[in-house]
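K.L.:
Take a look at the following structure, please.
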Amino acid sequence: MIELRTSERATFKRCPQRWEWGVKEGLRPHREATPLWFGTAVHIALSEWYLPGLARGPHPALTFLKVLEGDRSIRIPSDNEEWEAEYMKAKDLGQEMLTNYVDHWGKDNNKYYICTERTGSIFLPEIGKTKGRHTKYFFTFDGVYRDETTGEYWLDEHKTAASIDPGSLPLNQQASSYWAVAEGILKRTGMMPKDKHIQGIMFNFLRKAPKDRRPKNEDGLATNKPTKAHFHAAFEAAGLPTQLYLRAKMVRLYEIAHVEHIKVLGEPSSVQTSELFERHPVFRTPGERRQQLIQVRKDAWHIEHARNDPNYPIVKNPTKDCKWDCDFYRMCQLHEQGDMESVEEFKSAMYTIRDPYEAYRKSA
């Protein structure tokens, strides 16, 4: 029987060489790349915030900090000042992001959670067959909730990203496979009515950026610092006598605005920040569910051949994202040079070996 995780599917498609090192050989870095542990910590924080039902747990910013301080693989003892500065910056950013998240969305009182961080597995038949146990597919989805306003059920998918691009969401196979298995699992366990359906995926984006604290005008645009002309125009509109401000310096103009409770803004900035938090619904159909489960089995077939065939050609898929999203970036550079002895030495020094399916087997 083939065992397959969603994350393994994604890794294999992203880069087979990365899959071979990270999954087949089970290499795990002593220090995980910051964007990877950052996203994991945010997911844990939100899973403990959205409790089953309408209840909410500890503030996600506090949970985020607790995760960082408790997981030594995130911040290993080191005199590396660059790592320490990177850690502190990410730590502060994560707490601010999650504080702003709760300020923005509140307690989401319309979301009744059926479950959060649901881990499990299902059996899928061989391609072309309708029955059997050919593939054991492991999954962990962020949650399923019922919208108390509409009565609709949605699969939650939390995403942290430097920028938010909803254009590729309909083809997101990771979230789509979670959606494909969630409804059946929840109905079989009695957690969801049999006559209801999960409408689709609600992508919950948190942009990795601090809040823009610049003053904003009535159109919601961030503004530059005001000039004397802006102060004069505001004071004139408020009916202040010109002798009070006409020859005053900037410091005095700020004082007058403060005393008179007059808000003075500059011109709209040419650089406007994007929304920090966005939610994008992607509706799904029964036909798409069937297609997703077929795709899982196809991927399982390819990955199983790569696992068992010593002659299977392992190729690389380098992209501009490798430096930040891959734990094997430096070792891959040595590999590119053909220095296999250095590659093996690097493995021994920088990685440990673990079973990528251990957590799933314990859960089962």
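Convention: chains lettered A, B, ... in structure tokens order; per-chain residue numbering from 1; ligands numbered from 1 as shown.
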Residues of range 99-190 of chain A within 10 Å of range 5-23 of chain A: nearest atom pair and distance (Å, one decimal) for each, counting only C-alpha atoms, sorted by chain and number, as JSON lines?

P.N.:
{"residue": "A:Ser121", "atom": "CA", "partner": "A:Arg5", "partner_atom": "CA", "distance": 9.0}
{"residue": "A:Lys136", "atom": "CA", "partner": "A:Arg5", "partner_atom": "CA", "distance": 8.6}
{"residue": "A:Tyr137", "atom": "CA", "partner": "A:Arg5", "partner_atom": "CA", "distance": 5.9}
{"residue": "A:Phe138", "atom": "CA", "partner": "A:Arg5", "partner_atom": "CA", "distance": 4.8}
{"residue": "A:Phe139", "atom": "CA", "partner": "A:Thr6", "partner_atom": "CA", "distance": 6.1}
{"residue": "A:Thr140", "atom": "CA", "partner": "A:Thr6", "partner_atom": "CA", "distance": 8.3}
{"residue": "A:Phe141", "atom": "CA", "partner": "A:Thr6", "partner_atom": "CA", "distance": 10.0}
{"residue": "A:Gln173", "atom": "CA", "partner": "A:Ala10", "partner_atom": "CA", "distance": 8.4}
{"residue": "A:Gln174", "atom": "CA", "partner": "A:Thr6", "partner_atom": "CA", "distance": 6.3}
{"residue": "A:Ala175", "atom": "CA", "partner": "A:Thr6", "partner_atom": "CA", "distance": 9.2}
{"residue": "A:Ser177", "atom": "CA", "partner": "A:Thr6", "partner_atom": "CA", "distance": 7.8}
{"residue": "A:Tyr178", "atom": "CA", "partner": "A:Thr6", "partner_atom": "CA", "distance": 8.4}

K.L.:
For Glu48 in chain A, please output as a list in words all residues within 10 Å (counting only C-alpha atoms; exclusion window: fewer than 4 positions along the same chain).

P.N.:
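With the cut-off at 10 Å, the set is His43, Ile44, Pro52, Arg56, Gly57, Pro58, His59, Pro60, Thr63, Phe64, Thr116 and Glu117 of chain A.
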
K.L.:
Need the shell around range 106-109 of chain A: protein/DNA/RNA residues with any atom at most 10 Å away, counting only C-alpha atoms. Skip same-chain ones fewer than 6 positions apart. Format as a PDB file with C-alpha atoms, in the first residue's frame?

P.N.:
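Generated output (selection.pdb):
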ATOM      1  CA  TRP A  49      -7.688  30.844  18.656  1.00  0.00           C
ATOM      2  CA  TYR A  50     -10.547  29.242  16.693  1.00  0.00           C
ATOM      3  CA  GLY A  53     -18.122  26.185  18.234  1.00  0.00           C
ATOM      4  CA  LEU A  54     -18.142  29.941  18.722  1.00  0.00           C
ATOM      5  CA  ALA A  55     -15.573  29.937  21.525  1.00  0.00           C
ATOM      6  CA  ARG A  56     -12.198  31.603  21.079  1.00  0.00           C
ATOM      7  CA  GLY A  57      -9.003  30.611  22.822  1.00  0.00           C
ATOM      8  CA  ASN A 100      -3.704  43.444  13.951  1.00  0.00           C
ATOM      9  CA  ASP A 147     -21.311  30.578   8.573  1.00  0.00           C
ATOM     10  CA  GLU A 148     -24.052  31.473  11.049  1.00  0.00           C
ATOM     11  CA  THR A 149     -25.291  34.217   8.717  1.00  0.00           C
TER      12      THR A 149
END

K.L.:
Using only C-alpha atoms, tabulate the residues of range 120-185 of chain A lying at most 10 Å from any atom of range 36-42 of chain A, each with its closest atom pair and that distance in Å to one decimal, by chain and increasing residue number, as CSV.

P.N.:
residue,atom,partner,partner_atom,distance
A:His158,CA,A:Val42,CA,8.7
A:Lys159,CA,A:Gly39,CA,7.8
A:Thr160,CA,A:Gly39,CA,6.1
A:Ala161,CA,A:Gly39,CA,8.7

K.L.:
Would you save the residues from that selection as a CSV table (one decimal), in the first residue's frame, using N, CA and C atoms?

P.N.:
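Printed below is selection28.csv as written:
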chain,number,residue,atom,x,y,z
A,158,HIS,N,-5.6,28.9,6.0
A,158,HIS,CA,-4.8,30.1,6.4
A,158,HIS,C,-3.5,30.2,5.6
A,159,LYS,N,-3.2,31.4,5.1
A,159,LYS,CA,-2.1,31.6,4.3
A,159,LYS,C,-1.3,32.8,4.8
A,160,THR,N,0.0,32.7,5.0
A,160,THR,CA,0.8,33.9,5.3
A,160,THR,C,1.7,34.1,4.0
A,161,ALA,N,1.7,35.4,3.6
A,161,ALA,CA,2.4,35.7,2.3
A,161,ALA,C,2.9,37.1,2.4

K.L.:
Between A:Ala182, A:Ala61, A:Leu68, A:Ile294, which is the closest to Thr34 in chain A once you count only C-alpha atoms?

P.N.:
A:Leu68

K.L.:
Could you pull out all residues of range 62-136 of chain A with a DSSP call of alpha helix (DSSP H) and give them as number ranges by chain?

P.N.:
A: 62-70, 81-105

K.L.:
Using only C-alpha atoms, what table do you get, as JSON lines, when you list each residue of range 2-66 of chain A with an atom no more than 9 Å from range 334-358 of chain A, its nearest pair of atoms, and their distance in Å rounded to one decimal, rows by chain then rising number?

P.N.:
{"residue": "A:Glu3", "atom": "CA", "partner": "A:Tyr357", "partner_atom": "CA", "distance": 8.8}
{"residue": "A:Leu4", "atom": "CA", "partner": "A:Tyr357", "partner_atom": "CA", "distance": 8.8}
{"residue": "A:Arg5", "atom": "CA", "partner": "A:Tyr357", "partner_atom": "CA", "distance": 8.0}
{"residue": "A:Glu8", "atom": "CA", "partner": "A:Pro356", "partner_atom": "CA", "distance": 8.9}
{"residue": "A:Gly22", "atom": "CA", "partner": "A:Pro356", "partner_atom": "CA", "distance": 8.3}
{"residue": "A:Val23", "atom": "CA", "partner": "A:Pro356", "partner_atom": "CA", "distance": 6.3}
{"residue": "A:Lys24", "atom": "CA", "partner": "A:Pro356", "partner_atom": "CA", "distance": 8.8}
{"residue": "A:Glu25", "atom": "CA", "partner": "A:Ile353", "partner_atom": "CA", "distance": 7.4}
{"residue": "A:Gly26", "atom": "CA", "partner": "A:Ile353", "partner_atom": "CA", "distance": 5.1}
{"residue": "A:Leu27", "atom": "CA", "partner": "A:Ile353", "partner_atom": "CA", "distance": 4.8}
{"residue": "A:Arg28", "atom": "CA", "partner": "A:Tyr351", "partner_atom": "CA", "distance": 5.2}
{"residue": "A:Pro29", "atom": "CA", "partner": "A:Tyr351", "partner_atom": "CA", "distance": 4.3}
{"residue": "A:His30", "atom": "CA", "partner": "A:Tyr351", "partner_atom": "CA", "distance": 5.5}
{"residue": "A:Arg31", "atom": "CA", "partner": "A:Met350", "partner_atom": "CA", "distance": 8.2}

K.L.:
Which one of A:Met97, A:Ala45, A:Ala222, A:Ile114 sits closest to Gly190 in chain A if you count only C-alpha atoms?

P.N.:
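Residue with the minimum atom-to-atom distance to Gly190 in chain A: A:Ile114.
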
K.L.:
Enumerate, as a ChimeraX atom specification, the complete set of residues in range 141-237 of chain A that a backbone-based DSSP assignment places in strand (DSSP E).

P.N.:
/A:141-147,153-161,198-207

K.L.:
Hey, can you check how far CA of Ile303 in chain A sits from CA of Ile122 in chain A?

P.N.:
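The value is 17.7 Å.
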
K.L.:
Could you give me, as a list in words, the residues within 12 Å of range 243-254 of chain A, counting only C-alpha atoms and dropping anything in the same chain fewer than 2 positions from it?

P.N.:
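Here the answer would be Lys225, Pro226, Thr227, Lys228, Ala229, His230, Phe231, His232, Ala233, Ala234, Phe235, Glu236, Gly239, Leu240, Pro241, Ile256, Ala257, His258, Val259, Glu260, His261, Ile262, Lys263, Val264 and Leu265 of chain A.
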
K.L.:
Only C-alpha atoms, please: the residues just picked out, written as a short mmCIF file (atom, residue, chain, number, x, y, z; two decimals), in the first residue's frame.

P.N.:
data_model
loop_
_atom_site.label_atom_id
_atom_site.label_comp_id
_atom_site.auth_asym_id
_atom_site.auth_seq_id
_atom_site.Cartn_x
_atom_site.Cartn_y
_atom_site.Cartn_z
CA LYS A 225 3.68 64.90 5.91
CA PRO A 226 1.76 68.17 5.51
CA THR A 227 3.48 71.33 4.31
CA LYS A 228 2.85 74.87 5.53
CA ALA A 229 0.35 75.29 2.71
CA HIS A 230 -1.69 72.35 4.05
CA PHE A 231 -1.71 73.86 7.55
CA HIS A 232 -2.71 77.29 6.25
CA ALA A 233 -5.56 75.84 4.17
CA ALA A 234 -6.85 73.78 7.11
CA PHE A 235 -6.69 76.73 9.50
CA GLU A 236 -8.42 79.04 7.03
CA GLY A 239 -11.93 80.10 10.54
CA LEU A 240 -8.73 80.84 12.50
CA PRO A 241 -7.36 84.39 12.20
CA ILE A 256 -1.89 75.13 16.87
CA ALA A 257 -3.40 72.11 15.09
CA HIS A 258 -3.16 70.08 18.30
CA VAL A 259 -4.72 72.78 20.51
CA GLU A 260 -7.52 73.53 18.05
CA HIS A 261 -8.15 69.81 17.32
CA ILE A 262 -7.68 70.33 13.58
CA LYS A 263 -6.55 67.33 11.54
CA VAL A 264 -4.04 68.37 8.88
CA LEU A 265 -3.00 65.91 6.17
#

K.L.:
May I have the residues within 8 Å of range 281-292 of chain A as a list in words, using only C-alpha atoms and disregarding those fewer than 5 positions away in the same chain?

P.N.:
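Counting only the stated atoms, we get Leu169, Pro170, Gln173, Ser176, Ser177, Trp179, Ala180, Gln199, Gly200, Ile201, Met202 and Phe203 of chain A.
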
K.L.:
What is the distance, in Å and to one decimal place, between CA of Trp83 in chain A and CA of Gly70 in chain A?

P.N.:
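Computing it gives 17.5 Å between the two atoms.
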
K.L.:
Just the residues within 10 Å of Thr273 in chain A, please, counting only C-alpha atoms, with nothing from its chain fewer than 6 positions along; format it as a PDB file with N, CA and C atoms, in the first residue's frame.

P.N.:
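Generated file (result-v9.pdb):
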ATOM      1  N   ALA A 209       3.479  41.837   6.916  1.00  0.00           N
ATOM      2  CA  ALA A 209       3.884  43.245   6.919  1.00  0.00           C
ATOM      3  C   ALA A 209       3.296  43.925   8.153  1.00  0.00           C
ATOM      4  N   LYS A 211       1.557  47.121  10.246  1.00  0.00           N
ATOM      5  CA  LYS A 211       0.471  48.044   9.921  1.00  0.00           C
ATOM      6  C   LYS A 211       1.024  49.368   9.428  1.00  0.00           C
ATOM      7  N   ASP A 212       0.430  49.904   8.382  1.00  0.00           N
ATOM      8  CA  ASP A 212       0.823  51.217   7.868  1.00  0.00           C
ATOM      9  C   ASP A 212       0.243  52.282   8.803  1.00  0.00           C
ATOM     10  N   LEU A 221      -6.533  56.720   1.736  1.00  0.00           N
ATOM     11  CA  LEU A 221      -5.179  56.739   1.184  1.00  0.00           C
ATOM     12  C   LEU A 221      -4.197  57.292   2.202  1.00  0.00           C
ATOM     13  N   ALA A 222      -3.047  56.619   2.341  1.00  0.00           N
ATOM     14  CA  ALA A 222      -2.001  57.105   3.230  1.00  0.00           C
ATOM     15  C   ALA A 222      -1.433  58.401   2.677  1.00  0.00           C
TER      16      ALA A 222
END

K.L.:
What does the distance between CA of Lys208 in chain A and CA of Ala90 in chain A come to in Å, to one decimal place?

P.N.:
9.4 Å
